[in-house]
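Engineer: Below is the file target_15.cif, which contains mmCIF, C-alpha atoms.
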```
data_run
loop_
_atom_site.group_PDB
_atom_site.id
_atom_site.type_symbol
_atom_site.label_atom_id
_atom_site.label_comp_id
_atom_site.auth_asym_id
_atom_site.auth_seq_id
_atom_site.Cartn_x
_atom_site.Cartn_y
_atom_site.Cartn_z
ATOM 1 C CA MET W 1053 0.000 0.000 0.000
ATOM 2 C CA GLN W 1054 1.309 3.439 -0.953
ATOM 3 C CA HIS W 1055 1.850 5.598 2.137
ATOM 4 C CA ALA W 1056 -0.040 8.841 2.680
ATOM 5 C CA GLY W 1057 1.876 12.057 2.092
ATOM 6 C CA LEU W 1058 2.256 14.891 4.587
ATOM 7 C CA PHE W 1059 -0.085 17.088 2.551
ATOM 8 C CA GLU W 1060 -2.896 14.528 2.673
ATOM 9 C CA LEU W 1061 -2.520 14.147 6.434
ATOM 10 C CA ASN W 1062 -2.690 17.910 6.905
ATOM 11 C CA ALA W 1063 -5.743 17.948 4.643
ATOM 12 C CA VAL W 1064 -7.596 15.591 6.999
ATOM 13 C CA VAL W 1065 -6.660 17.818 9.952
ATOM 14 C CA ALA W 1066 -7.895 20.951 8.140
ATOM 15 C CA ILE W 1067 -11.214 19.360 7.159
ATOM 16 C CA SER W 1068 -11.747 18.172 10.725
ATOM 17 C CA ALA W 1069 -11.063 21.666 12.078
ATOM 18 C CA HIS W 1070 -13.270 23.554 9.616
ATOM 19 C CA ARG W 1071 -15.992 20.970 8.922
ATOM 20 C CA SER W 1072 -15.915 22.414 5.412
ATOM 21 C CA PHE W 1073 -14.011 21.461 2.261
ATOM 22 C CA ARG W 1074 -14.087 25.053 1.010
ATOM 23 C CA ALA W 1075 -12.665 26.521 4.236
ATOM 24 C CA ALA W 1076 -10.060 23.762 4.515
ATOM 25 C CA ALA W 1077 -9.022 24.295 0.892
ATOM 26 C CA THR W 1078 -8.622 28.030 1.541
ATOM 27 C CA GLU W 1079 -6.350 27.307 4.508
ATOM 28 C CA LEU W 1080 -4.270 24.882 2.435
ATOM 29 C CA GLY W 1081 -4.090 27.216 -0.569
ATOM 30 C CA ILE W 1082 -5.715 24.854 -3.084
ATOM 31 C CA SER W 1083 -9.093 24.531 -4.783
ATOM 32 C CA PRO W 1084 -11.932 22.554 -3.142
ATOM 33 C CA SER W 1085 -11.906 20.129 -6.068
ATOM 34 C CA ALA W 1086 -8.170 19.472 -5.635
ATOM 35 C CA LEU W 1087 -8.719 18.856 -1.930
ATOM 36 C CA SER W 1088 -11.613 16.496 -2.641
ATOM 37 C CA HIS W 1089 -9.443 14.600 -5.133
ATOM 38 C CA ALA W 1090 -6.607 14.276 -2.577
ATOM 39 C CA ILE W 1091 -8.949 12.932 0.119
ATOM 40 C CA ALA W 1092 -10.584 10.523 -2.324
ATOM 41 C CA GLY W 1093 -7.143 9.192 -3.285
ATOM 42 C CA LEU W 1094 -6.178 8.739 0.368
ATOM 43 C CA GLU W 1095 -9.445 6.933 1.160
ATOM 44 C CA LYS W 1096 -8.976 4.663 -1.852
ATOM 45 C CA ARG W 1097 -5.454 3.680 -0.781
ATOM 46 C CA LEU W 1098 -6.533 3.080 2.822
ATOM 47 C CA GLY W 1099 -9.676 1.236 1.781
ATOM 48 C CA VAL W 1100 -11.885 3.108 4.281
ATOM 49 C CA ARG W 1101 -13.972 6.252 4.272
ATOM 50 C CA LEU W 1102 -12.436 8.957 6.464
ATOM 51 C CA ILE W 1103 -14.874 11.798 5.740
ATOM 52 C CA ASN W 1104 -18.667 11.614 5.672
ATOM 53 C CA ARG W 1105 -20.021 14.202 3.248
ATOM 54 C CA THR W 1106 -23.598 15.292 2.662
ATOM 55 C CA THR W 1107 -25.073 18.391 1.037
ATOM 56 C CA ARG W 1108 -25.399 19.929 4.516
ATOM 57 C CA SER W 1109 -22.470 18.678 6.557
ATOM 58 C CA VAL W 1110 -18.904 17.421 6.546
ATOM 59 C CA ALA W 1111 -17.641 15.267 9.425
ATOM 60 C CA LEU W 1112 -15.053 12.614 10.112
ATOM 61 C CA SER W 1113 -16.231 9.013 10.141
ATOM 62 C CA GLU W 1114 -15.389 6.780 13.105
ATOM 63 C CA ALA W 1115 -12.365 5.551 11.164
ATOM 64 C CA GLY W 1116 -11.469 9.155 10.362
ATOM 65 C CA GLU W 1117 -11.644 10.167 14.033
ATOM 66 C CA ARG W 1118 -9.356 7.294 15.013
ATOM 67 C CA PHE W 1119 -6.996 8.108 12.140
ATOM 68 C CA LEU W 1120 -6.865 11.778 13.175
ATOM 69 C CA ALA W 1121 -6.153 10.882 16.808
ATOM 70 C CA ARG W 1122 -3.113 8.874 15.694
ATOM 71 C CA VAL W 1123 -1.665 11.265 13.107
ATOM 72 C CA SER W 1124 -2.245 14.613 14.888
ATOM 73 C CA PRO W 1125 0.518 14.157 17.508
ATOM 74 C CA ALA W 1126 2.931 13.069 14.774
ATOM 75 C CA LEU W 1127 2.101 16.115 12.658
ATOM 76 C CA ARG W 1128 2.685 18.387 15.648
ATOM 77 C CA GLU W 1129 6.064 16.738 16.193
ATOM 78 C CA ILE W 1130 6.965 17.234 12.528
ATOM 79 C CA ALA W 1131 5.902 20.893 12.673
ATOM 80 C CA GLY W 1132 7.947 21.337 15.846
ATOM 81 C CA ALA W 1133 10.991 19.754 14.214
ATOM 82 C CA MET W 1134 10.696 22.101 11.244
ATOM 83 C CA GLU W 1135 10.431 25.065 13.599
ATOM 84 C CA ASP W 1136 13.505 23.864 15.489
ATOM 85 C CA VAL W 1137 15.468 23.822 12.235
ATOM 86 C CA ASN W 1138 14.047 27.262 11.462
ATOM 87 C CA GLU W 1139 15.926 28.569 14.531
ATOM 88 C CA PHE W 1140 19.146 28.226 12.503
ATOM 89 C CA ARG W 1141 17.909 30.620 9.817
ATOM 90 C CA ASP W 1142 19.023 34.231 9.877
ATOM 91 C CA THR W 1143 15.373 35.315 9.989
ATOM 92 C CA PRO W 1144 12.113 33.506 10.917
ATOM 93 C CA ALA W 1145 9.998 31.904 8.211
ATOM 94 C CA GLY W 1146 6.509 30.441 8.086
ATOM 95 C CA THR W 1147 2.970 31.524 8.932
ATOM 96 C CA LEU W 1148 1.807 33.169 12.152
ATOM 97 C CA ARG W 1149 -1.927 32.703 12.834
ATOM 98 C CA ILE W 1150 -3.536 35.087 15.336
ATOM 99 C CA ASN W 1151 -7.173 35.149 16.481
ATOM 100 C CA LEU W 1152 -8.502 38.526 17.611
ATOM 101 C CA LYS W 1153 -11.419 40.947 17.559
ATOM 102 C CA GLU W 1154 -11.950 43.796 15.115
ATOM 103 C CA ARG W 1155 -10.757 46.555 17.402
ATOM 104 C CA ALA W 1156 -7.555 44.698 18.223
ATOM 105 C CA ALA W 1157 -6.893 44.212 14.507
ATOM 106 C CA HIS W 1158 -7.233 47.957 13.898
ATOM 107 C CA GLN W 1159 -4.956 48.640 16.855
ATOM 108 C CA ILE W 1160 -2.034 46.415 15.831
ATOM 109 C CA LEU W 1161 -2.253 46.347 12.016
ATOM 110 C CA ARG W 1162 -0.305 49.509 11.236
ATOM 111 C CA PRO W 1163 2.186 49.771 14.121
ATOM 112 C CA VAL W 1164 2.929 46.066 14.531
ATOM 113 C CA VAL W 1165 1.822 43.775 11.698
ATOM 114 C CA ALA W 1166 2.953 46.010 8.828
ATOM 115 C CA LYS W 1167 6.300 46.589 10.538
ATOM 116 C CA PHE W 1168 6.659 42.863 11.261
ATOM 117 C CA LEU W 1169 6.099 41.939 7.608
ATOM 118 C CA ARG W 1170 8.675 44.519 6.497
ATOM 119 C CA HIS W 1171 11.248 43.181 8.958
ATOM 120 C CA TYR W 1172 10.644 39.491 8.210
ATOM 121 C CA PRO W 1173 10.091 38.939 4.471
ATOM 122 C CA ASP W 1174 9.843 35.142 4.886
ATOM 123 C CA MET W 1175 6.973 35.385 7.389
ATOM 124 C CA ASN W 1176 3.247 35.353 6.593
ATOM 125 C CA VAL W 1177 0.641 36.665 9.054
ATOM 126 C CA GLU W 1178 -2.976 35.491 9.096
ATOM 127 C CA LEU W 1179 -5.355 37.527 11.272
ATOM 128 C CA THR W 1180 -8.739 35.910 11.932
ATOM 129 C CA LEU W 1181 -11.409 38.209 13.378
ATOM 130 C CA GLU W 1182 -13.609 36.383 15.849
ATOM 131 C CA GLY W 1183 -16.252 37.751 18.204
ATOM 132 C CA ARG W 1184 -16.742 34.649 20.311
ATOM 133 C CA PRO W 1185 -14.161 33.376 22.802
ATOM 134 C CA ILE W 1186 -12.308 30.371 21.352
ATOM 135 C CA ASP W 1187 -9.699 27.772 22.284
ATOM 136 C CA ILE W 1188 -6.752 28.997 20.216
ATOM 137 C CA VAL W 1189 -4.857 25.717 20.617
ATOM 138 C CA ALA W 1190 -7.750 23.497 19.527
ATOM 139 C CA GLU W 1191 -8.477 25.744 16.537
ATOM 140 C CA GLY W 1192 -4.888 25.890 15.319
ATOM 141 C CA PHE W 1193 -3.841 29.444 16.199
ATOM 142 C CA ASP W 1194 -0.395 30.455 17.405
ATOM 143 C CA ALA W 1195 -1.732 33.291 19.565
ATOM 144 C CA GLY W 1196 -4.790 35.372 20.372
ATOM 145 C CA ILE W 1197 -5.504 38.961 21.387
ATOM 146 C CA ARG W 1198 -8.238 39.736 23.923
ATOM 147 C CA LEU W 1199 -8.870 41.928 26.956
ATOM 148 C CA ALA W 1200 -6.626 41.035 29.896
ATOM 149 C CA GLU W 1201 -9.542 39.702 31.943
ATOM 150 C CA ALA W 1202 -10.679 37.401 29.111
ATOM 151 C CA VAL W 1203 -7.321 35.624 28.685
ATOM 152 C CA PRO W 1204 -7.333 32.027 30.017
ATOM 153 C CA GLN W 1205 -5.234 31.642 33.157
ATOM 154 C CA ASP W 1206 -2.961 28.973 31.685
ATOM 155 C CA MET W 1207 -1.725 31.322 28.942
ATOM 156 C CA VAL W 1208 1.258 33.676 28.785
ATOM 157 C CA ALA W 1209 -0.119 37.223 28.332
ATOM 158 C CA ILE W 1210 1.810 40.198 26.912
ATOM 159 C CA PRO W 1211 0.395 43.771 27.180
ATOM 160 C CA CYS W 1212 -0.513 45.283 23.804
ATOM 161 C CA GLY W 1213 -1.095 48.795 25.084
ATOM 162 C CA PRO W 1214 -2.106 50.961 28.029
ATOM 163 C CA GLU W 1215 -5.226 50.917 30.164
ATOM 164 C CA THR W 1216 -8.523 51.507 28.411
ATOM 165 C CA ARG W 1217 -12.124 52.571 29.059
ATOM 166 C CA PHE W 1218 -15.627 51.998 27.792
ATOM 167 C CA ILE W 1219 -17.476 55.318 27.630
ATOM 168 C CA VAL W 1220 -20.983 56.603 26.910
ATOM 169 C CA VAL W 1221 -21.050 59.014 23.964
ATOM 170 C CA GLY W 1222 -23.671 61.001 22.098
ATOM 171 C CA ALA W 1223 -23.772 63.598 19.327
ATOM 172 C CA PRO W 1224 -24.375 67.317 19.995
ATOM 173 C CA ASP W 1225 -27.580 66.962 17.960
ATOM 174 C CA TYR W 1226 -28.811 64.286 20.361
ATOM 175 C CA PHE W 1227 -28.082 66.402 23.436
ATOM 176 C CA ALA W 1228 -29.848 69.353 21.809
ATOM 177 C CA ARG W 1229 -33.028 67.240 21.962
ATOM 178 C CA CYS W 1230 -32.414 65.293 25.179
ATOM 179 C CA SER W 1231 -31.039 66.080 28.615
ATOM 180 C CA VAL W 1232 -27.499 65.093 29.608
ATOM 181 C CA PRO W 1233 -27.527 62.016 31.903
ATOM 182 C CA ARG W 1234 -25.963 62.697 35.308
ATOM 183 C CA SER W 1235 -26.313 59.141 36.628
ATOM 184 C CA PRO W 1236 -26.495 55.741 34.907
ATOM 185 C CA LEU W 1237 -30.124 55.524 36.081
ATOM 186 C CA ASP W 1238 -30.908 58.513 33.847
ATOM 187 C CA LEU W 1239 -30.180 56.265 30.848
ATOM 188 C CA LEU W 1240 -33.477 54.496 31.472
ATOM 189 C CA THR W 1241 -35.223 57.555 29.999
ATOM 190 C CA HIS W 1242 -32.845 57.870 27.028
ATOM 191 C CA GLU W 1243 -32.601 56.300 23.580
ATOM 192 C CA CYS W 1244 -29.611 53.932 23.764
ATOM 193 C CA ILE W 1245 -27.923 51.901 21.042
ATOM 194 C CA ARG W 1246 -28.044 48.352 22.370
ATOM 195 C CA ARG W 1247 -25.357 45.707 21.874
ATOM 196 C CA ARG W 1248 -25.932 42.129 20.750
ATOM 197 C CA MET W 1249 -23.121 39.899 22.063
ATOM 198 C CA PRO W 1250 -21.475 37.065 20.075
ATOM 199 C CA SER W 1251 -23.216 34.710 22.516
ATOM 200 C CA GLY W 1252 -26.574 36.044 21.300
ATOM 201 C CA LYS W 1253 -27.352 37.824 24.566
ATOM 202 C CA LEU W 1254 -28.108 41.526 24.867
ATOM 203 C CA TYR W 1255 -25.346 43.305 26.736
ATOM 204 C CA HIS W 1256 -26.359 45.085 29.944
ATOM 205 C CA TRP W 1257 -24.370 48.287 30.358
ATOM 206 C CA GLU W 1258 -21.948 48.079 33.301
ATOM 207 C CA PHE W 1259 -20.810 51.027 35.401
ATOM 208 C CA GLU W 1260 -18.497 51.429 38.347
ATOM 209 C CA LYS W 1261 -18.008 54.697 40.177
ATOM 210 C CA ARG W 1262 -14.562 55.536 41.482
ATOM 211 C CA GLY W 1263 -14.972 54.334 45.029
ATOM 212 C CA GLY W 1264 -16.678 51.034 44.298
ATOM 213 C CA GLU W 1265 -20.401 51.678 43.629
ATOM 214 C CA GLN W 1266 -21.600 49.559 40.695
ATOM 215 C CA MET W 1267 -24.638 49.490 38.415
ATOM 216 C CA VAL W 1268 -25.694 47.102 35.642
ATOM 217 C CA LEU W 1269 -28.533 48.306 33.409
ATOM 218 C CA ASP W 1270 -30.638 46.795 30.652
ATOM 219 C CA VAL W 1271 -30.893 50.091 28.788
ATOM 220 C CA PRO W 1272 -33.804 50.932 26.467
ATOM 221 C CA GLY W 1273 -33.312 51.527 22.761
ATOM 222 C CA ARG W 1274 -34.854 50.820 19.378
ATOM 223 C CA LEU W 1275 -31.580 50.090 17.558
ATOM 224 C CA THR W 1276 -29.523 46.984 18.353
ATOM 225 C CA LEU W 1277 -26.138 46.349 16.708
ATOM 226 C CA ASP W 1278 -23.255 43.907 17.088
ATOM 227 C CA ASN W 1279 -20.487 46.079 15.653
ATOM 228 C CA ASP W 1280 -18.636 48.945 17.365
ATOM 229 C CA SER W 1281 -17.954 51.035 14.280
ATOM 230 C CA LEU W 1282 -21.650 50.907 13.334
ATOM 231 C CA MET W 1283 -22.577 51.991 16.864
ATOM 232 C CA VAL W 1284 -20.308 55.002 16.483
ATOM 233 C CA GLU W 1285 -21.879 55.831 13.107
ATOM 234 C CA ALA W 1286 -25.344 55.627 14.643
ATOM 235 C CA ALA W 1287 -24.300 57.857 17.541
ATOM 236 C CA LEU W 1288 -22.853 60.406 15.099
ATOM 237 C CA GLU W 1289 -26.231 60.484 13.342
ATOM 238 C CA GLY W 1290 -27.930 61.325 16.641
ATOM 239 C CA VAL W 1291 -29.776 57.999 16.833
ATOM 240 C CA GLY W 1292 -28.927 57.602 20.518
ATOM 241 C CA LEU W 1293 -26.208 57.052 23.092
ATOM 242 C CA ALA W 1294 -23.506 54.447 22.446
ATOM 243 C CA PHE W 1295 -21.360 52.609 24.994
ATOM 244 C CA VAL W 1296 -18.090 51.823 23.208
ATOM 245 C CA SER W 1297 -14.342 51.583 23.641
ATOM 246 C CA ASP W 1298 -12.476 54.868 23.753
ATOM 247 C CA PHE W 1299 -10.421 53.472 20.857
ATOM 248 C CA TRP W 1300 -13.328 54.041 18.467
ATOM 249 C CA VAL W 1301 -14.190 57.607 19.496
ATOM 250 C CA THR W 1302 -10.989 59.442 20.503
ATOM 251 C CA GLY W 1303 -10.900 61.426 17.251
ATOM 252 C CA HIS W 1304 -14.609 62.260 17.388
ATOM 253 C CA LEU W 1305 -14.302 63.498 20.975
ATOM 254 C CA ALA W 1306 -11.375 65.732 20.017
ATOM 255 C CA ALA W 1307 -13.302 67.091 17.024
ATOM 256 C CA GLY W 1308 -16.439 67.718 19.074
ATOM 257 C CA THR W 1309 -18.630 65.503 16.894
ATOM 258 C CA LEU W 1310 -19.277 63.285 19.922
ATOM 259 C CA ARG W 1311 -19.490 64.115 23.614
ATOM 260 C CA ALA W 1312 -18.673 61.768 26.506
ATOM 261 C CA VAL W 1313 -20.946 61.603 29.553
ATOM 262 C CA LEU W 1314 -20.901 59.761 32.895
ATOM 263 C CA ASP W 1315 -17.089 59.894 33.033
ATOM 264 C CA ALA W 1316 -17.095 59.312 36.800
ATOM 265 C CA TRP W 1317 -18.796 55.953 36.194
ATOM 266 C CA THR W 1318 -16.366 54.605 33.569
ATOM 267 C CA PRO W 1319 -12.907 54.133 35.149
ATOM 268 C CA PRO W 1320 -9.986 52.686 33.178
ATOM 269 C CA PHE W 1321 -8.966 49.036 33.434
ATOM 270 C CA PRO W 1322 -6.308 46.749 31.862
ATOM 271 C CA GLY W 1323 -6.404 46.707 28.067
ATOM 272 C CA LEU W 1324 -5.513 44.166 25.401
ATOM 273 C CA ARG W 1325 -3.121 41.253 25.768
ATOM 274 C CA LEU W 1326 -1.402 39.055 23.205
ATOM 275 C CA TYR W 1327 -1.533 35.541 24.636
ATOM 276 C CA TYR W 1328 -0.157 32.124 23.719
ATOM 277 C CA PRO W 1329 0.155 28.654 25.312
ATOM 278 C CA ARG W 1330 2.546 28.459 28.247
ATOM 279 C CA HIS W 1331 3.688 24.894 27.660
ATOM 280 C CA ARG W 1332 3.855 24.719 23.866
ATOM 281 C CA HIS W 1333 6.999 25.192 21.767
ATOM 282 C CA MET W 1334 7.337 28.882 20.868
ATOM 283 C CA THR W 1335 8.131 29.294 17.186
ATOM 284 C CA ALA W 1336 10.766 31.733 15.966
ATOM 285 C CA GLY W 1337 8.049 33.742 14.220
ATOM 286 C CA LEU W 1338 5.923 34.072 17.356
ATOM 287 C CA ARG W 1339 8.971 35.000 19.426
ATOM 288 C CA ALA W 1340 9.835 37.769 16.945
ATOM 289 C CA PHE W 1341 6.227 39.011 16.983
ATOM 290 C CA VAL W 1342 6.145 39.077 20.797
ATOM 291 C CA ASP W 1343 9.402 41.047 20.837
ATOM 292 C CA MET W 1344 7.911 43.576 18.422
ATOM 293 C CA ILE W 1345 4.724 43.897 20.509
ATOM 294 C CA ARG W 1346 6.867 44.620 23.570
ATOM 295 C CA GLU W 1347 8.898 47.184 21.633
ATOM 296 C CA GLU W 1348 5.787 48.969 20.345
ATOM 297 C CA THR W 1349 4.174 48.942 23.796
ATOM 298 C CA LYS W 1350 7.237 50.699 25.215
ATOM 299 C CA LEU W 1351 7.024 53.264 22.406
ATOM 300 C CA ALA W 1352 3.330 53.810 23.169
ATOM 301 C CA ALA W 1353 4.158 54.525 26.804
ATOM 302 C CA LYS W 1354 6.486 57.264 25.562
ATOM 303 C CA GLY W 1355 3.848 58.760 23.275
ATOM 304 C CA GLY W 1356 4.019 56.657 20.087
ATOM 305 C CA GLY W 1357 3.407 53.091 18.911
ATOM 306 C CA VAL W 1358 0.429 50.871 19.686
ATOM 307 C CA HIS W 1359 -2.712 52.868 20.444
ATOM 308 C CA SER W 1360 -5.056 52.385 23.363
ATOM 309 C CA THR W 1361 -8.390 50.575 23.251
ATOM 310 C CA SER W 1362 -11.199 48.879 25.256
ATOM 311 C CA ALA W 1363 -13.904 47.645 27.735
ATOM 312 C CA LYS W 1364 -15.132 47.030 31.308
ATOM 313 C CA PRO W 1365 -15.124 44.067 33.703
ATOM 314 C CA SER W 1366 -17.560 41.299 34.547
ATOM 315 C CA GLY W 1367 -19.149 38.284 32.947
ATOM 316 C CA ASP W 1368 -20.289 38.409 29.341
ATOM 317 C CA HIS W 1369 -18.785 41.843 28.727
ATOM 318 C CA ARG W 1370 -15.496 40.171 27.944
ATOM 319 C CA GLU W 1371 -16.757 39.537 24.435
ATOM 320 C CA ARG W 1372 -17.218 43.264 23.776
ATOM 321 C CA ALA W 1373 -13.718 44.346 22.859
#
```
Would you mind writing the file out in structure tokens?
Structural biologist:
Amino acid sequence: MQHAGLFELNAVVAISAHRSFRAAATELGISPSALSHAIAGLEKRLGVRLINRTTRSVALSEAGERFLARVSPALREIAGAMEDVNEFRDTPAGTLRINLKERAAHQILRPVVAKFLRHYPDMNVELTLEGRPIDIVAEGFDAGIRLAEAVPQDMVAIPCGPETRFIVVGAPDYFARCSVPRSPLDLLTHECIRRRMPSGKLYHWEFEKRGGEQMVLDVPGRLTLDNDSLMVEAALEGVGLAFVSDFWVTGHLAAGTLRAVLDAWTPPFPGLRLYYPRHRHMTAGLRAFVDMIREETKLAAKGGGVHSTSAKPSGDHRERA
């Protein structure tokens, strides 16, 4: 029997991870038909079906699950061996896969990712924007970026910037029609732009006064969105009050097109962190990226580099940023 090649083994892993031939083919850089042909050839040589395919779903068969359980550790060892050899190169090479949210992508793209790609011409970077919390190891990512409080405890976490705040903002046009809230309870009589979380829940606005007093409110509002930049656009149009990261509105506040309220109830807290597994081999590419994050964070503390961003503590809110 002809032995399976490394590409075919990685193809099975990709299909298992994505549950989709199209998504797996995109990851592998080939067409779906080429991937289907490779899997069919592997199944023919093995004499068993590894993948069950219908018009609605793609899943590993029982034989496929057992096959994957045996080959996955070997593939990780092979990848680790290749990375070990990569240490002897003058510069890192390979692909760095990072899972993060939209705001984090905006924050690091120009000061970090663009600079990283210029410095390391043999490196590729794949940023995957994800609203829901995920297991970066199980889903094949080298690292993730989330708020400090949302990072799993067994991960190494590197600061990506300074402290951050979530703030309530409204347009001058809105405040010309409605009173300025002096307390979070006043929001119950205002038009607020509500937030739908990745979990499907409606976010309840969270406030904490300097000194410890806290409030959590299910604010009223006729517009519900799941995207920060759209919330800012709606606030600029005078639709209502938005509760968003200061990252999205710093320029608008400086220009006077938005006004912040309830400042005493929105204290700063730790911002974004780049995180990665504590006990897994650290690739040369990830090490170089971490070093650049640290360098840019130091620059930011001196007035340049990575920009601020953010959210506020407790429960489901961790999905906001």
Engineer: Find, counting all atoms listed in the file, the residue in W:Leu1058, W:Val1284, W:Ala1092, W:Val1301 that gets nearest to Arg1217 in chain W.
Structural biologist: W:Val1301
Engineer: Which residues, written as a list of chain:residue names, have at least one atom at most 10 Å from Thr1309 in chain W, with all atoms listed in the file counted and residues fewer than 4 positions away on the same chain left out?
Structural biologist: W:Val1221, W:Gly1222, W:Ala1223, W:Pro1224, W:Asp1225, W:Ala1287, W:Leu1288, W:Glu1289, W:Val1301, W:Gly1303, W:His1304, W:Leu1305
Engineer: Within 7 Å of (-21.4, 63.6, 32.2), in the coordinates the file gives, what residues turn up when you count all atoms listed in the file, written out as a list in words?
Structural biologist: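 Residues with an atom at most 7 Å from (-21.4, 63.6, 32.2): Val1232, Pro1233, Arg1234, Ala1312, Val1313, Leu1314 and Asp1315 of chain W.
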Engineer: Given the point (-15.3, 55.4, 36.0) in the file's coordinates, find the residues that have an atom at most 9 Å from it, counting all atoms listed in the file, and give them as a PDB file with C-alpha atoms, in the frame of the given file.
Structural biologist:
```
ATOM      1  CA  ARG W1217     -12.124  52.571  29.059  1.00  0.00           C
ATOM      2  CA  PHE W1218     -15.627  51.998  27.792  1.00  0.00           C
ATOM      3  CA  ILE W1219     -17.476  55.318  27.630  1.00  0.00           C
ATOM      4  CA  PHE W1259     -20.810  51.027  35.401  1.00  0.00           C
ATOM      5  CA  GLU W1260     -18.497  51.429  38.347  1.00  0.00           C
ATOM      6  CA  LYS W1261     -18.008  54.697  40.177  1.00  0.00           C
ATOM      7  CA  ARG W1262     -14.562  55.536  41.482  1.00  0.00           C
ATOM      8  CA  LEU W1314     -20.901  59.761  32.895  1.00  0.00           C
ATOM      9  CA  ASP W1315     -17.089  59.894  33.033  1.00  0.00           C
ATOM     10  CA  ALA W1316     -17.095  59.312  36.800  1.00  0.00           C
ATOM     11  CA  TRP W1317     -18.796  55.953  36.194  1.00  0.00           C
ATOM     12  CA  THR W1318     -16.366  54.605  33.569  1.00  0.00           C
ATOM     13  CA  PRO W1319     -12.907  54.133  35.149  1.00  0.00           C
ATOM     14  CA  PRO W1320      -9.986  52.686  33.178  1.00  0.00           C
TER      15      PRO W1320
END
```
Engineer: Since I can't run it myself right now, could you work out what the PyMOL selection byres ((chain W and resi 1330-1339) around 10) selects here and report it as a PyMOL selection string?
Structural biologist: chain W and resi 1131-1132+1134-1141+1143-1150+1168+1172+1174-1177+1189+1194-1195+1205-1209+1327-1329+1340-1345
Engineer: Identify all residues satisfying the PyMOL selection byres ((chain W and resi 1185) around 10) in the given file; provide them as a PyMOL selection string.
Structural biologist: chain W and resi 1151-1153+1182-1184+1186-1188+1196+1198+1202-1203+1250-1251+1370-1371
Engineer: In Å, rounded to a single decimal, give me how far CA of Gln1159 in chain W is from CA of Thr1216 in chain W.
Structural biologist: 12.4 Å
Engineer: Could you please determine the separation between CA of Pro1322 in chain W and CA of Gly1213 in chain W in Å, to one decimal place?
Structural biologist: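 If I compute the distance from CA of Pro1322 in chain W to CA of Gly1213 in chain W, I get 8.8 Å.
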Engineer: Applying the PyMOL selection byres ((chain W and resi 1063) around 10) to the file I just gave you, which residues come out? Please list them as JSON, numbers by chain.
Structural biologist: {"W": [1057, 1058, 1059, 1060, 1061, 1062, 1064, 1065, 1066, 1067, 1068, 1069, 1073, 1076, 1077, 1079, 1080, 1087, 1088, 1090, 1091]}
Engineer: With C-alpha atoms retained, export the selected residues as a PDB file, in the frame of the given file.
Structural biologist:
```pdb
ATOM      1  CA  GLY W1057       1.876  12.057   2.092  1.00  0.00           C
ATOM      2  CA  LEU W1058       2.256  14.891   4.587  1.00  0.00           C
ATOM      3  CA  PHE W1059      -0.085  17.088   2.551  1.00  0.00           C
ATOM      4  CA  GLU W1060      -2.896  14.528   2.673  1.00  0.00           C
ATOM      5  CA  LEU W1061      -2.520  14.147   6.434  1.00  0.00           C
ATOM      6  CA  ASN W1062      -2.690  17.910   6.905  1.00  0.00           C
ATOM      7  CA  VAL W1064      -7.596  15.591   6.999  1.00  0.00           C
ATOM      8  CA  VAL W1065      -6.660  17.818   9.952  1.00  0.00           C
ATOM      9  CA  ALA W1066      -7.895  20.951   8.140  1.00  0.00           C
ATOM     10  CA  ILE W1067     -11.214  19.360   7.159  1.00  0.00           C
ATOM     11  CA  SER W1068     -11.747  18.172  10.725  1.00  0.00           C
ATOM     12  CA  ALA W1069     -11.063  21.666  12.078  1.00  0.00           C
ATOM     13  CA  PHE W1073     -14.011  21.461   2.261  1.00  0.00           C
ATOM     14  CA  ALA W1076     -10.060  23.762   4.515  1.00  0.00           C
ATOM     15  CA  ALA W1077      -9.022  24.295   0.892  1.00  0.00           C
ATOM     16  CA  GLU W1079      -6.350  27.307   4.508  1.00  0.00           C
ATOM     17  CA  LEU W1080      -4.270  24.882   2.435  1.00  0.00           C
ATOM     18  CA  LEU W1087      -8.719  18.856  -1.930  1.00  0.00           C
ATOM     19  CA  SER W1088     -11.613  16.496  -2.641  1.00  0.00           C
ATOM     20  CA  ALA W1090      -6.607  14.276  -2.577  1.00  0.00           C
ATOM     21  CA  ILE W1091      -8.949  12.932   0.119  1.00  0.00           C
TER      22      ILE W1091
END
```
Engineer: Which residues are near Arg1325 in chain W? Cut-off 6 Å, only C-alpha atoms, ignore same chain within fewer than 2 positions. Put them as an NGL selection string.
Structural biologist: :W and (1197-1200 or 1209-1212)
Engineer: With a distance cut-off of 10 Å and only C-alpha atoms, select the neighbouring residues of Asp1270 in chain W, excluding the residue or stretch itself and same-chain residues fewer than 4 positions from it, and output the selection as a PyMOL selection string.
Structural biologist: chain W and resi 1239-1240+1244+1246+1254-1258
Engineer: Tell me which protein, DNA and RNA residues are within 12 Å of Ser1113 in chain W, counting all atoms listed in the file, leaving out same-chain ones fewer than 6 positions away, and put them as a ChimeraX atom specification.
Structural biologist: /W:1064,1067-1068,1095,1100-1105,1119-1120
Engineer: Next, dump the selected residues to file, keeping only C-alpha atoms, as a PDB file, in the frame of the given file.
Structural biologist:
```pdb
ATOM      1  CA  VAL W1064      -7.596  15.591   6.999  1.00  0.00           C
ATOM      2  CA  ILE W1067     -11.214  19.360   7.159  1.00  0.00           C
ATOM      3  CA  SER W1068     -11.747  18.172  10.725  1.00  0.00           C
ATOM      4  CA  GLU W1095      -9.445   6.933   1.160  1.00  0.00           C
ATOM      5  CA  VAL W1100     -11.885   3.108   4.281  1.00  0.00           C
ATOM      6  CA  ARG W1101     -13.972   6.252   4.272  1.00  0.00           C
ATOM      7  CA  LEU W1102     -12.436   8.957   6.464  1.00  0.00           C
ATOM      8  CA  ILE W1103     -14.874  11.798   5.740  1.00  0.00           C
ATOM      9  CA  ASN W1104     -18.667  11.614   5.672  1.00  0.00           C
ATOM     10  CA  ARG W1105     -20.021  14.202   3.248  1.00  0.00           C
ATOM     11  CA  PHE W1119      -6.996   8.108  12.140  1.00  0.00           C
ATOM     12  CA  LEU W1120      -6.865  11.778  13.175  1.00  0.00           C
TER      13      LEU W1120
END
```
